[in-house]
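Structure file work.cif with mmCIF, C-alpha atoms:
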```cif
data_run
loop_
_atom_site.label_atom_id
_atom_site.label_comp_id
_atom_site.auth_asym_id
_atom_site.auth_seq_id
_atom_site.Cartn_x
_atom_site.Cartn_y
_atom_site.Cartn_z
CA MET A 1 -159.03 -78.90 19.19
CA ASN A 2 -157.86 -81.32 16.53
CA LYS A 3 -159.98 -84.46 16.46
CA THR A 4 -158.51 -87.41 14.61
CA ARG A 5 -160.24 -90.65 13.93
CA PRO A 6 -158.78 -93.74 15.58
CA SER A 7 -156.62 -95.71 13.20
CA ARG A 8 -157.05 -99.38 12.40
CA MET A 9 -154.04 -100.11 14.63
CA ASP A 10 -155.76 -98.29 17.53
CA HIS A 11 -158.76 -100.60 17.12
CA ILE A 12 -156.54 -103.69 16.97
CA ARG A 13 -154.64 -102.62 20.13
CA LEU A 14 -157.92 -102.00 21.94
CA GLU A 15 -159.28 -105.42 20.90
CA GLN A 16 -156.07 -107.12 22.06
CA THR A 17 -156.15 -105.28 25.39
CA VAL A 18 -159.79 -106.20 26.00
CA ALA A 19 -159.20 -109.82 24.97
CA MET A 20 -156.20 -110.10 27.29
CA HIS A 21 -158.33 -109.11 30.29
CA MET A 22 -161.40 -111.17 29.43
CA PRO A 23 -162.05 -114.47 31.20
CA PRO A 24 -161.06 -117.54 29.20
CA PRO A 25 -163.86 -119.26 27.27
CA HIS A 26 -166.34 -121.24 29.36
CA PHE A 27 -165.08 -119.71 32.62
CA LYS A 28 -168.58 -119.60 34.13
CA GLU A 29 -169.05 -123.33 33.45
CA ARG A 30 -165.65 -124.07 34.99
CA LEU A 31 -166.50 -121.89 37.98
CA SER A 32 -169.67 -123.87 38.69
CA LEU A 33 -167.71 -127.12 38.29
CA ILE A 34 -165.06 -125.87 40.73
CA ARG A 35 -167.74 -124.83 43.24
CA SER A 36 -169.22 -128.32 43.12
CA LEU A 37 -165.74 -129.84 43.54
CA LEU A 38 -165.15 -127.57 46.53
CA ALA A 39 -168.36 -128.76 48.13
CA ASP A 40 -167.18 -132.38 47.67
CA MET A 41 -163.66 -131.70 48.98
CA LYS A 42 -164.40 -129.46 51.98
CA ASP A 43 -164.71 -132.40 54.35
CA LYS A 44 -161.35 -133.81 53.23
CA ALA A 45 -159.39 -130.69 54.27
CA ALA A 46 -159.14 -130.79 58.06
CA PRO A 47 -158.99 -127.33 59.73
CA GLY A 48 -155.53 -127.96 61.23
CA ASP A 49 -153.94 -129.04 57.95
CA GLY A 50 -153.10 -125.56 56.66
CA PRO A 51 -153.51 -124.07 53.18
CA CYS A 52 -153.76 -126.35 50.17
CA LEU A 53 -154.55 -126.42 46.47
CA LEU A 54 -157.41 -128.35 44.99
CA VAL A 55 -155.92 -129.57 41.70
CA LYS A 56 -158.30 -130.54 38.88
CA ASP A 57 -156.61 -131.97 35.80
CA LEU A 58 -156.99 -134.84 33.34
CA SER A 59 -156.06 -137.36 36.03
CA GLY A 60 -158.87 -136.20 38.33
CA LYS A 61 -158.93 -134.06 41.45
CA ARG A 62 -156.66 -134.06 44.47
CA LEU A 63 -155.63 -131.89 47.41
CA VAL A 64 -152.02 -130.73 47.63
CA ARG A 65 -150.71 -129.19 50.86
CA LEU A 66 -148.82 -125.94 50.30
CA ARG A 67 -145.27 -125.46 51.44
CA GLU A 68 -143.65 -122.06 51.95
CA PHE A 69 -142.36 -122.03 48.35
CA MET A 70 -143.61 -124.19 45.47
CA VAL A 71 -142.96 -124.18 41.74
CA VAL A 72 -145.74 -125.51 39.51
CA GLY A 73 -145.03 -126.66 35.96
CA ALA A 74 -144.52 -129.46 33.48
CA ASP A 75 -140.97 -130.22 34.65
CA LYS A 76 -140.78 -133.31 36.87
CA THR A 77 -138.45 -131.45 39.25
CA CYS A 78 -141.21 -128.95 40.18
CA GLU A 79 -142.76 -129.27 43.63
CA LEU A 80 -146.10 -129.69 41.84
CA PRO A 81 -145.50 -131.29 38.42
CA LEU A 82 -148.49 -131.20 36.05
CA THR A 83 -149.10 -132.81 32.69
CA CYS A 84 -150.69 -130.51 30.13
CA PRO A 85 -149.42 -129.39 26.71
CA TYR A 86 -150.23 -125.75 27.56
CA ILE A 87 -148.14 -125.61 30.74
CA SER A 88 -144.56 -124.35 30.69
CA ARG A 89 -141.75 -126.28 32.41
CA ARG A 90 -141.76 -123.73 35.26
CA HIS A 91 -145.16 -122.11 34.84
CA LEU A 92 -145.74 -120.36 38.17
CA ARG A 93 -144.63 -120.20 41.73
CA ILE A 94 -146.67 -119.91 44.90
CA PHE A 95 -144.99 -118.64 48.04
CA PHE A 96 -145.73 -117.31 51.51
CA LYS A 97 -144.31 -113.88 52.34
CA ASP A 98 -145.17 -111.33 55.03
CA GLY A 99 -148.29 -113.23 56.06
CA GLU A 100 -149.68 -113.46 52.49
CA TRP A 101 -149.81 -116.18 49.86
CA ILE A 102 -148.63 -114.94 46.47
CA VAL A 103 -148.82 -116.51 43.02
CA LEU A 104 -146.33 -115.34 40.38
CA ASP A 105 -146.19 -116.23 36.68
CA GLU A 106 -142.69 -117.48 35.83
CA HIS A 107 -142.72 -115.92 32.33
CA SER A 108 -144.79 -118.81 31.02
CA THR A 109 -145.85 -118.99 27.38
CA ASN A 110 -149.61 -119.05 28.01
CA GLY A 111 -149.82 -117.11 31.27
CA ILE A 112 -152.09 -117.60 34.27
CA TYR A 113 -155.65 -116.57 35.01
CA ILE A 114 -156.77 -115.70 38.53
CA ASN A 115 -160.56 -115.83 38.92
CA GLY A 116 -160.93 -115.50 35.15
CA ARG A 117 -158.58 -112.54 34.67
CA LYS A 118 -155.13 -112.74 33.16
CA ALA A 119 -152.51 -111.86 35.77
CA HIS A 120 -148.78 -111.85 36.28
CA CYS A 121 -148.82 -111.72 40.08
CA ALA A 122 -151.59 -111.80 42.69
CA LEU A 123 -152.27 -112.15 46.40
CA LEU A 124 -154.29 -115.30 47.00
CA ASN A 125 -157.51 -115.40 48.99
CA ASN A 126 -159.50 -118.41 50.08
CA GLY A 127 -161.36 -119.88 47.10
CA ASP A 128 -159.32 -118.12 44.38
CA ILE A 129 -159.22 -120.06 41.11
CA ILE A 130 -155.92 -120.27 39.23
CA GLN A 131 -156.25 -121.48 35.64
CA ILE A 132 -153.15 -122.68 33.77
CA GLY A 133 -153.75 -124.45 30.50
CA THR A 134 -156.45 -127.05 31.07
CA VAL A 135 -155.54 -127.40 34.76
CA THR A 136 -157.50 -125.64 37.49
CA LEU A 137 -156.03 -124.92 40.91
CA VAL A 138 -158.20 -123.66 43.76
CA PHE A 139 -156.49 -122.03 46.74
CA LEU A 140 -158.04 -123.18 50.03
CA THR A 141 -157.28 -121.88 53.49
CA PRO A 142 -159.17 -123.46 56.39
CA SER A 143 -161.23 -120.77 58.09
CA LYS A 144 -159.66 -121.34 61.52
CA GLN A 145 -156.12 -121.04 60.14
CA SER A 146 -154.07 -117.88 59.72
CA GLY A 147 -152.77 -119.17 56.41
CA GLN A 148 -149.41 -120.45 57.65
CA PRO A 149 -147.63 -123.01 55.46
CA ALA A 150 -147.97 -126.66 56.44
CA GLY A 151 -145.52 -127.72 59.10
CA GLU A 152 -145.14 -124.30 60.76
#
```

Represent the structure from my file as structure tokens, please.
Amino acid sequence: MNKTRPSRMDHIRLEQTVAMHMPPPHFKERLSLIRSLLADMKDKAAPGDGPCLLVKDLSGKRLVRLREFMVVGADKTCELPLTCPYISRRHLRIFFKDGEWIVLDEHSTNGIYINGRKAHCALLNNGDIIQIGTVTLVFLTPSKQSGQPAGE
């Protein structure tokens, strides 16, 4: 069997692959911050209100009710417009399909992180943390709800 040593390019590719799947810096600190925010916000989300996003950005924190299809980005025409230099005009979309909430990266420049891992598409579960730029979104589904969009 012919054994060859890994080339420098093999090492670089491996480092890039590992870095791409590593949580962003300070994720553990952000996770503890988000958990404390969740504790503060739980009372504000009534069980009958349906799924929502806890949005934490430079302007503070707020709850946004989810509709069946929402685009999130820097463009003012998005259903959830955000201000951050690291967010693309149409950064991601969140939609409800076949009984599941799905988040999909819209070919953004900086990508999205779901629970600290870089992702292109993911099924959302209660408490999932979506990181885009310096903005943190937390997906919340009231425990007594089936996860239907608001207004259905």

Tell me which residues come within 12 Å of (-152.2, -109.4, 41.0), as a list of chain:residue names, counting only C-alpha atoms in the file's coordinates.
A:Trp101, A:Ile102, A:Val103, A:Leu104, A:Asp105, A:Ile112, A:Tyr113, A:Ile114, A:Asn115, A:Arg117, A:Lys118, A:Ala119, A:His120, A:Cys121, A:Ala122, A:Leu123, A:Leu124, A:Asn125, A:Asp128, A:Ile130

Got time to write the residues from that selection, C-alpha atoms, as a PDB file, keeping the file's coordinate frame?
```
ATOM      1  CA  TRP A 101    -149.810-116.180  49.860  1.00  0.00           C
ATOM      2  CA  ILE A 102    -148.630-114.940  46.470  1.00  0.00           C
ATOM      3  CA  VAL A 103    -148.820-116.510  43.020  1.00  0.00           C
ATOM      4  CA  LEU A 104    -146.330-115.340  40.380  1.00  0.00           C
ATOM      5  CA  ASP A 105    -146.190-116.230  36.680  1.00  0.00           C
ATOM      6  CA  ILE A 112    -152.090-117.600  34.270  1.00  0.00           C
ATOM      7  CA  TYR A 113    -155.650-116.570  35.010  1.00  0.00           C
ATOM      8  CA  ILE A 114    -156.770-115.700  38.530  1.00  0.00           C
ATOM      9  CA  ASN A 115    -160.560-115.830  38.920  1.00  0.00           C
ATOM     10  CA  ARG A 117    -158.580-112.540  34.670  1.00  0.00           C
ATOM     11  CA  LYS A 118    -155.130-112.740  33.160  1.00  0.00           C
ATOM     12  CA  ALA A 119    -152.510-111.860  35.770  1.00  0.00           C
ATOM     13  CA  HIS A 120    -148.780-111.850  36.280  1.00  0.00           C
ATOM     14  CA  CYS A 121    -148.820-111.720  40.080  1.00  0.00           C
ATOM     15  CA  ALA A 122    -151.590-111.800  42.690  1.00  0.00           C
ATOM     16  CA  LEU A 123    -152.270-112.150  46.400  1.00  0.00           C
ATOM     17  CA  LEU A 124    -154.290-115.300  47.000  1.00  0.00           C
ATOM     18  CA  ASN A 125    -157.510-115.400  48.990  1.00  0.00           C
ATOM     19  CA  ASP A 128    -159.320-118.120  44.380  1.00  0.00           C
ATOM     20  CA  ILE A 130    -155.920-120.270  39.230  1.00  0.00           C
TER      21      ILE A 130
END
```

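Across the model, the gap from atom CA of A:Gly60 to atom CA of A:Arg93 is 21.7 Å.
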
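Restricting the calculation to only C-alpha atoms, the smallest distance between A:Tyr86 and any of A:Val64, A:Gln131, A:Gly50, A:Val55 is found for A:Gln131.
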
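Separating atom CA of A:Ile129 from atom CA of A:Arg90 is a distance of 18.8 Å.
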
Hey, which of A:Ile94, A:Ala74, A:Leu140, A:Leu82 ends up closest to A:Lys56? Count all atoms listed in the file.
A:Leu82

One residue among A:Cys84, A:Val138, A:Ile132, A:Leu92 is nearest to A:Leu53 when using all atoms listed in the file, and that residue is A:Val138

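You will find atom CA of A:Lys61 at 27.2 Å from atom CA of A:Lys97.
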
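Checking A:Leu80, A:Ser88, A:Asp57, A:Cys52 one by one against A:Thr134, counting only C-alpha atoms, you find the shortest gap at A:Asp57.
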
With all atoms listed in the file as the basis for distance, which of A:Ser59, A:Ser108, A:Asn126, A:Thr77 is at the shortest distance from A:Thr141?
A:Asn126
